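Quick look at target_6.cif (mmCIF, C-alpha atoms):
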data_upload
#
loop_
_atom_site.label_atom_id
_atom_site.label_comp_id
_atom_site.auth_asym_id
_atom_site.auth_seq_id
_atom_site.Cartn_x
_atom_site.Cartn_y
_atom_site.Cartn_z
CA MET S 1 131.25 100.66 188.29
CA LEU S 2 127.62 99.67 188.64
CA ALA S 3 125.36 99.45 185.61
CA THR S 4 121.66 98.68 185.71
CA GLU S 5 119.61 96.70 183.22
CA ARG S 6 118.22 100.03 182.10
CA ASP S 7 121.75 101.33 181.47
CA ALA S 8 122.48 98.28 179.32
CA LEU S 9 119.62 99.25 177.01
CA TRP S 10 121.64 102.35 176.09
CA GLY S 11 123.91 100.02 174.13
CA LEU S 12 127.15 100.38 176.07
CA THR S 13 128.11 100.27 179.76
CA VAL S 14 131.44 100.83 181.50
CA SER S 15 132.70 98.56 184.28
CA THR S 16 136.15 99.92 185.11
CA VAL S 17 138.44 102.82 184.28
CA GLY S 18 141.82 103.84 185.64
CA TYR S 19 145.48 104.73 185.31
CA GLU S 20 148.65 103.08 186.58
CA GLU S 21 152.38 103.66 186.63
CA ILE S 22 154.71 100.66 186.71
CA ALA S 23 158.33 101.55 187.39
CA PRO S 24 161.20 99.49 185.94
CA GLY S 25 161.63 96.36 188.03
CA ASP S 26 158.19 96.57 189.67
CA VAL S 27 156.15 93.37 189.99
CA TYR S 28 153.28 93.23 187.51
CA PRO S 29 150.34 93.12 187.82
CA THR S 30 150.24 95.01 191.10
CA ARG S 31 147.87 93.68 193.74
CA GLY S 32 145.85 96.85 193.37
CA HIS S 33 145.45 96.14 189.65
CA ALA S 34 141.79 96.98 188.98
CA ASP S 35 139.99 94.93 191.62
CA GLY S 36 138.71 91.69 190.13
CA TYR S 37 141.07 91.90 187.15
CA TYR S 38 144.30 90.59 188.67
CA PHE S 39 145.87 87.82 186.58
CA ASP S 40 148.99 85.71 186.15
CA THR S 41 150.78 87.06 183.06
CA LYS S 42 152.26 83.61 182.31
CA LYS S 43 148.83 81.96 182.24
CA GLY S 44 146.91 84.87 180.76
CA ARG S 45 143.18 85.31 181.17
CA VAL S 46 139.81 85.61 179.45
CA LEU S 47 137.45 88.52 180.16
CA ASN S 48 133.71 88.83 179.56
CA GLU S 49 134.09 92.44 178.35
CA TYR S 50 136.17 94.69 176.13
CA GLN S 51 139.06 96.68 177.55
CA LEU S 52 140.95 99.46 175.79
CA LEU S 53 144.41 100.27 177.13
CA TYR S 54 146.67 103.16 176.13
CA LEU S 55 150.40 103.38 176.84
CA THR S 56 151.68 106.91 177.31
CA GLU S 57 155.19 105.87 178.38
CA GLY S 58 157.26 102.71 178.49
CA GLU S 59 157.20 99.46 176.61
CA GLY S 60 155.79 95.95 176.99
CA GLU S 61 154.55 92.81 175.32
CA PHE S 62 151.09 91.67 174.28
CA GLU S 63 149.80 88.31 173.10
CA SER S 64 146.33 86.93 172.41
CA ALA S 65 144.64 83.99 170.74
CA ASN S 66 144.71 85.92 167.45
CA GLN S 67 147.91 87.95 167.93
CA ARG S 68 151.36 86.44 168.29
CA LEU S 69 153.64 87.86 170.99
CA THR S 70 154.20 91.49 169.96
CA ARG S 71 156.10 94.42 171.39
CA ILE S 72 153.93 97.39 172.38
CA LYS S 73 155.24 100.86 173.11
CA GLU S 74 154.19 104.35 174.10
CA GLY S 75 151.56 105.72 171.76
CA ASP S 76 149.96 102.29 171.29
CA LEU S 77 146.39 101.39 172.13
CA PHE S 78 145.44 97.73 172.43
CA LEU S 79 141.95 96.31 172.57
CA LEU S 80 140.98 93.19 174.54
CA PHE S 81 137.97 91.24 173.32
CA PRO S 82 135.43 89.32 175.43
CA GLY S 83 135.90 85.56 175.41
CA GLU S 84 139.42 85.76 173.97
CA TRP S 85 142.53 84.61 175.80
CA HIS S 86 145.24 87.27 176.18
CA THR S 87 148.17 88.35 178.29
CA TYR S 88 150.34 91.46 178.50
CA HIS S 89 152.96 93.06 180.72
CA PRO S 90 155.47 95.92 180.78
CA LEU S 91 159.13 95.16 180.13
CA SER S 92 160.92 94.89 183.48
CA THR S 93 163.63 97.21 182.17
CA ARG S 94 161.19 99.91 181.05
CA GLY S 95 157.96 99.79 183.02
CA TRP S 96 155.06 101.79 181.65
CA LYS S 97 152.33 104.35 182.26
CA SER S 98 148.94 103.28 181.01
CA TYR S 99 145.24 104.07 181.04
CA TRP S 100 142.49 101.47 180.77
CA ILE S 101 138.74 101.36 180.43
CA GLY S 102 136.49 98.28 180.42
CA PHE S 103 133.10 98.16 178.69
CA LYS S 104 130.53 95.98 176.96
CA GLY S 105 127.42 96.38 174.86
CA ARG S 106 125.84 95.94 171.46
CA ASN S 107 127.29 99.26 170.18
CA VAL S 108 130.75 97.72 170.19
CA ASP S 109 129.52 94.25 169.20
CA ASP S 110 128.02 95.81 166.07
CA ARG S 111 131.36 97.37 165.12
CA VAL S 112 133.07 94.01 165.51
CA ARG S 113 130.44 92.32 163.34
CA ALA S 114 130.86 95.04 160.72
CA GLY S 115 134.62 94.50 160.65
CA PHE S 116 135.67 97.89 162.02
CA LEU S 117 137.19 96.17 165.05
CA SER S 118 138.67 92.67 165.04
CA PRO S 119 140.54 90.35 167.42
CA LYS S 120 142.91 89.82 164.50
CA LYS S 121 143.96 93.48 164.78
CA PRO S 122 144.01 94.40 168.47
CA ILE S 123 146.88 96.93 168.40
CA TYR S 124 146.54 100.51 167.13
CA HIS S 125 149.58 102.72 166.60
CA VAL S 126 148.30 106.28 167.11
CA GLY S 127 151.25 108.01 168.77
CA PHE S 128 150.84 110.41 171.68
CA SER S 129 147.43 112.08 171.67
CA SER S 130 146.40 114.64 174.28
CA ALA S 131 142.81 114.17 173.10
CA ILE S 132 142.92 110.49 174.08
CA VAL S 133 144.54 111.27 177.44
CA ASN S 134 141.85 113.90 178.10
CA LEU S 135 139.08 111.41 177.32
CA TYR S 136 140.49 108.89 179.78
CA GLY S 137 140.78 111.68 182.35
CA GLU S 138 137.18 112.69 181.75
CA ALA S 139 136.07 109.07 182.15
CA MET S 140 137.92 108.72 185.48
CA GLN S 141 136.43 111.97 186.77
CA THR S 142 132.93 110.87 185.73
CA ALA S 143 133.41 107.51 187.47
CA ARG S 144 134.61 109.18 190.68
CA GLU S 145 131.66 111.57 190.80
CA GLU S 146 129.10 108.82 190.09
CA ALA S 147 126.46 111.38 189.17
CA ALA S 148 123.02 110.31 187.98
CA TYR S 149 123.14 108.80 184.48
CA SER S 150 126.94 108.70 184.53
CA GLN S 151 126.83 105.46 182.52
CA GLN S 152 125.40 107.39 179.57
CA THR S 153 128.21 109.94 179.82
CA LEU S 154 130.79 107.15 180.02
CA ALA S 155 129.24 105.41 177.01
CA GLY S 156 129.72 108.60 175.01
CA ILE S 157 133.36 108.83 176.10
CA VAL S 158 134.03 105.22 175.05
CA ASN S 159 132.41 105.79 171.66
CA HIS S 160 134.59 108.88 171.22
CA LEU S 161 137.71 106.96 172.27
CA VAL S 162 137.09 104.06 169.90
CA GLY S 163 136.25 106.36 167.00
CA LEU S 164 139.31 108.53 167.66
CA MET S 165 141.55 105.45 167.92
CA TYR S 166 140.27 104.12 164.61
CA SER S 167 140.53 107.40 162.69
CA LEU S 168 143.91 108.45 164.11
CA GLU S 169 145.57 105.23 163.02
CA ARG S 170 143.92 105.26 159.59
CA ASN S 171 145.08 108.81 158.96
CA ARG S 172 148.54 108.02 160.34
CA GLU S 173 148.87 105.16 157.87
CA LEU S 174 147.61 107.21 154.96
CA SER S 175 149.86 110.15 155.72
CA LYS S 176 152.93 107.94 155.25
CA ASP S 177 152.51 108.64 151.56
CA LEU S 178 151.66 112.32 151.34
CA GLY S 179 151.67 112.12 147.55
CA HIS S 180 148.70 109.77 147.55
CA VAL S 181 146.86 111.85 150.15
CA ASP S 182 147.36 114.97 148.02
CA MET S 183 146.20 113.12 144.92
CA VAL S 184 142.99 111.94 146.57
CA ASN S 185 142.27 115.43 147.89
CA ARG S 186 142.77 116.91 144.41
CA ALA S 187 140.49 114.24 142.95
CA ARG S 188 137.77 114.98 145.50
CA LEU S 189 137.90 118.67 144.63
CA ARG S 190 137.79 117.88 140.90
CA ILE S 191 134.72 115.68 141.37
CA ARG S 192 132.99 118.22 143.63
CA GLU S 193 133.53 121.06 141.15
CA SER S 194 132.23 119.00 138.20
CA LEU S 195 128.91 117.66 139.45
CA GLU S 196 127.01 119.21 136.55
CA SER S 197 129.39 117.96 133.88
CA ASP S 198 129.79 114.55 132.27
CA LEU S 199 133.14 113.97 133.98
CA THR S 200 133.75 110.25 134.55
CA ILE S 201 135.84 108.66 137.28
CA GLN S 202 138.04 107.13 134.59
CA GLN S 203 138.80 110.64 133.34
CA VAL S 204 139.64 111.79 136.87
CA ALA S 205 142.07 108.88 137.23
CA GLU S 206 143.71 109.84 133.93
CA GLU S 207 144.03 113.46 135.06
CA MET S 208 145.70 112.25 138.26
CA GLY S 209 148.15 110.16 136.20
CA ILE S 210 147.17 106.82 137.71
CA SER S 211 145.36 103.71 136.51
CA TYR S 212 141.66 103.47 137.28
CA SER S 213 142.07 100.36 139.46
CA ASN S 214 144.81 101.92 141.58
CA PHE S 215 142.94 105.20 141.79
CA ARG S 216 139.78 103.44 142.98
CA LYS S 217 141.74 101.47 145.58
CA LEU S 218 143.58 104.51 146.98
CA PHE S 219 140.47 106.70 146.94
CA LYS S 220 138.43 104.12 148.87
CA GLU S 221 141.27 103.49 151.33
CA PHE S 222 141.44 107.21 152.13
CA THR S 223 137.73 108.11 152.12
CA GLY S 224 136.03 104.80 152.91
CA ILE S 225 133.90 105.08 149.78
CA ALA S 226 134.45 104.26 146.10
CA PRO S 227 134.95 107.34 143.85
CA ALA S 228 131.86 106.61 141.73
CA MET S 229 129.73 106.38 144.86
CA TYR S 230 131.32 109.57 146.19
CA GLN S 231 130.37 111.35 142.97
CA GLN S 232 126.82 110.02 143.10
CA GLU S 233 126.37 111.01 146.77
CA LEU S 234 127.48 114.56 145.97
CA ARG S 235 125.13 114.72 142.99
CA LEU S 236 122.23 113.62 145.17
CA GLN S 237 123.13 116.34 147.67
CA ARG S 238 123.17 118.84 144.82
CA ALA S 239 119.80 117.50 143.68
CA LYS S 240 118.34 118.38 147.07
CA GLU S 241 119.56 121.95 146.64
CA LEU S 242 118.07 122.22 143.14
CA LEU S 243 114.75 120.69 144.24
CA SER S 244 114.36 123.11 147.13
CA ALA S 245 115.82 126.28 145.59
CA THR S 246 114.81 126.17 141.89
CA ASN S 247 111.80 125.45 139.72
CA LEU S 248 113.70 123.05 137.47
CA SER S 249 111.69 119.94 136.59
CA ILE S 250 112.73 116.49 137.81
CA LYS S 251 113.77 115.67 134.24
CA GLU S 252 115.90 118.81 133.96
CA ILE S 253 117.62 118.10 137.30
CA ALA S 254 118.28 114.49 136.36
CA TYR S 255 120.00 115.38 133.09
CA ARG S 256 121.73 118.45 134.55
CA LEU S 257 123.41 116.16 137.11
CA ASN S 258 124.19 113.52 134.48
CA PHE S 259 121.98 110.71 135.72
CA GLU S 260 121.18 108.13 133.04
CA SER S 261 117.46 108.99 133.05
CA PRO S 262 114.83 110.73 135.21
CA ASP S 263 113.61 107.31 136.40
CA TYR S 264 117.11 106.26 137.41
CA PHE S 265 117.57 109.57 139.23
CA SER S 266 114.24 109.18 141.05
CA SER S 267 115.13 105.62 142.05
CA LYS S 268 118.53 106.62 143.47
CA PHE S 269 117.07 109.66 145.20
CA LYS S 270 114.37 107.60 146.90
CA SER S 271 116.89 104.93 147.88
CA LYS S 272 119.04 107.61 149.53
CA THR S 273 116.38 109.78 151.16
CA GLY S 274 113.36 107.50 151.47
CA ARG S 275 111.30 109.98 149.42
CA LYS S 276 110.60 110.63 145.75
CA PRO S 277 112.05 113.89 144.37
CA THR S 278 108.53 115.31 143.97
CA ASP S 279 107.66 114.51 147.58
CA PHE S 280 110.92 116.03 148.80
CA ARG S 281 110.21 119.23 146.87
CA LEU S 282 106.70 119.50 148.35
CA GLU S 283 108.10 119.11 151.87
CA MET S 284 110.62 121.89 151.24
CA GLN S 285 107.99 124.39 150.12
#
Would it be possible to restate this file's structure as structure tokens?
Amino acid sequence: MLATERDALWGLTVSTVGYEEIAPGDVYPTRGHADGYYFDTKKGRVLNEYQLLYLTEGEGEFESANQRLTRIKEGDLFLLFPGEWHTYHPLSTRGWKSYWIGFKGRNVDDRVRAGFLSPKKPIYHVGFSSAIVNLYGEAMQTAREEAAYSQQTLAGIVNHLVGLMYSLERNRELSKDLGHVDMVNRARLRIRESLESDLTIQQVAEEMGISYSNFRKLFKEFTGIAPAMYQQELRLQRAKELLSATNLSIKEIAYRLNFESPDYFSSKFKSKTGRKPTDFRLEMQ
């Protein structure tokens, strides 16, 4: 697919998208394998872009500079990184059905720099997902139609794909221990219902029957945020409601939501919203 310099400014462009079926015993890669992307599986290759592949049937093997030879199977997504050697192929006894999409841009580079995506973890076990299949189908249809500004549509599809891949696997991993998931959900509800009390995170951990350190670790693993920060974020949200819907003073709101002092509350509020509580209240009037 063609992408202009203007398209690149959007932050993400797509170069190729497709689907293939490799029957057991078929030679791989096929000569029609995404023009310009044919490679010798024994030698491997290095691309100058990302590619995200999804197996809906079959089984194969994947290896990269950061990933030892690993079996991949239906329900797996694997991500290729620019500048990194890799190779992959279906098992001759199984074959496979797979979708692929190739892309590049600072949107994805930023996620790699932030540690959300890493060459050290290229394989994602998400299982069969009709939502992922539909997104690949939508991308192929968009590429075929080549309507004006299709690169922007494709960029949105890739962002959706990557986000869905990431969240599906995280939730799949967490759901292996339903007891922990239930505990974190109960803790979140307890914190949410006690914003105007002096409830501490240590007390929540005690109520859940778990040590504070383990509670903090599990809570952050599930939500992506530490429990104390979660509590503070909710209190700041509640502060916005009180500032816009009541005549309570800044001091009263600060102590009602159990901040250490009005100054501390004002500092945290400004850090979160970019405005002082008084300024926020004036804007809401």
Query raised in the report: For this file, the PyMOL selection byres ((chain S and resi 43-57) around 8) selects which residues, as a ChimeraX atom specification?
Result: /S:39-42,58-59,73-88,96-104,128
Need to verify the contact set: stretch 192-196 of chain S, 10 Å, all atoms listed in the file, exclusion of same-chain residues closer than 5 positions in sequence. Can you return it as a compact mmCIF listing (two decimals) with C-alpha atoms, keeping the file's coordinate frame?
# COMPACT_ATOMS: atom_id res chain seq x y z
CA ARG S 186 142.77 116.91 144.41
CA ALA S 187 140.49 114.24 142.95
CA TYR S 230 131.32 109.57 146.19
CA GLN S 231 130.37 111.35 142.97
CA GLN S 232 126.82 110.02 143.10
CA LEU S 234 127.48 114.56 145.97
CA ARG S 235 125.13 114.72 142.99
CA LEU S 236 122.23 113.62 145.17
CA ARG S 238 123.17 118.84 144.82
CA ILE S 253 117.62 118.10 137.30
CA ALA S 254 118.28 114.49 136.36
CA TYR S 255 120.00 115.38 133.09
CA ARG S 256 121.73 118.45 134.55
CA LEU S 257 123.41 116.16 137.11
CA ASN S 258 124.19 113.52 134.48
CA PHE S 259 121.98 110.71 135.72
Report task. List, as a PyMOL selection string, every residue that the PyMOL selection byres ((chain S and resi 121) around 9) selects in the file provided. Result -> chain S and resi 66-67+78-79+117-120+122-124
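Across the structure, atom CA of S:Ser211 and atom CA of S:Glu169 are spaced 26.6 Å apart.
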Query raised in the report: At what distance in Å, to one decimal, does atom CA of S:Leu12 lie from atom CA of S:Val108?
Result: 7.4 Å
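Computed from the coordinates, the atom CA of S:Asp198 to atom CA of S:Glu283 distance equals 29.6 Å.
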Report summary line: Between S:Thr16, S:Ser64, S:Gln151, S:Asn247, smallest distance to S:Tyr136 by only C-alpha atoms belongs to S:Thr16
Add whatever atoms are absent from stretch 62-83 of chain S to reach N, CA and C atoms, and provide the output as a short mmCIF file (atom, residue, chain, number, x, y, z; two decimals), keeping the file's coordinate frame.
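This is the output file selection_28.cif:
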data_model
loop_
_atom_site.label_atom_id
_atom_site.label_comp_id
_atom_site.auth_asym_id
_atom_site.auth_seq_id
_atom_site.Cartn_x
_atom_site.Cartn_y
_atom_site.Cartn_z
N PHE S 62 152.50 92.06 174.33
CA PHE S 62 151.09 91.67 174.28
C PHE S 62 150.96 90.41 173.44
N GLU S 63 150.07 89.52 173.86
CA GLU S 63 149.80 88.31 173.10
C GLU S 63 148.35 87.92 173.32
N SER S 64 147.72 87.39 172.28
CA SER S 64 146.33 86.93 172.41
C SER S 64 146.13 85.71 171.51
N ALA S 65 144.94 85.16 171.56
CA ALA S 65 144.64 83.99 170.74
C ALA S 65 144.82 84.28 169.26
N ASN S 66 144.61 85.54 168.86
CA ASN S 66 144.71 85.92 167.45
C ASN S 66 145.95 86.74 167.12
N GLN S 67 146.74 87.09 168.15
CA GLN S 67 147.91 87.95 167.93
C GLN S 67 149.14 87.31 168.57
N ARG S 68 150.12 87.01 167.75
CA ARG S 68 151.36 86.44 168.29
C ARG S 68 152.02 87.46 169.22
N LEU S 69 152.94 86.99 170.04
CA LEU S 69 153.64 87.86 170.99
C LEU S 69 154.23 89.06 170.25
N THR S 70 153.84 90.26 170.68
CA THR S 70 154.20 91.49 169.96
C THR S 70 154.64 92.56 170.94
N ARG S 71 155.64 93.31 170.57
CA ARG S 71 156.10 94.42 171.39
C ARG S 71 155.14 95.59 171.26
N ILE S 72 154.77 96.19 172.38
CA ILE S 72 153.93 97.39 172.38
C ILE S 72 154.71 98.51 173.06
N LYS S 73 154.44 99.73 172.62
CA LYS S 73 155.24 100.86 173.11
C LYS S 73 154.35 102.08 173.31
N GLU S 74 154.96 103.13 173.85
CA GLU S 74 154.19 104.35 174.10
C GLU S 74 153.55 104.85 172.80
N GLY S 75 152.31 105.28 172.93
CA GLY S 75 151.56 105.72 171.76
C GLY S 75 150.71 104.62 171.17
N ASP S 76 150.78 103.41 171.77
CA ASP S 76 149.96 102.29 171.29
C ASP S 76 148.71 102.12 172.14
N LEU S 77 147.61 101.84 171.48
CA LEU S 77 146.39 101.39 172.13
C LEU S 77 146.22 99.91 171.81
N PHE S 78 145.76 99.11 172.78
CA PHE S 78 145.44 97.73 172.43
C PHE S 78 144.09 97.36 173.05
N LEU S 79 143.34 96.62 172.25
CA LEU S 79 141.95 96.31 172.57
C LEU S 79 141.82 94.83 172.93
N LEU S 80 141.26 94.56 174.10
CA LEU S 80 140.98 93.19 174.54
C LEU S 80 139.53 92.86 174.21
N PHE S 81 139.30 91.64 173.75
CA PHE S 81 137.97 91.24 173.32
C PHE S 81 137.38 90.21 174.27
N PRO S 82 136.06 90.29 174.52
CA PRO S 82 135.43 89.32 175.43
C PRO S 82 135.54 87.91 174.88
N GLY S 83 135.83 86.96 175.79
CA GLY S 83 135.90 85.56 175.41
C GLY S 83 137.19 85.16 174.74
#
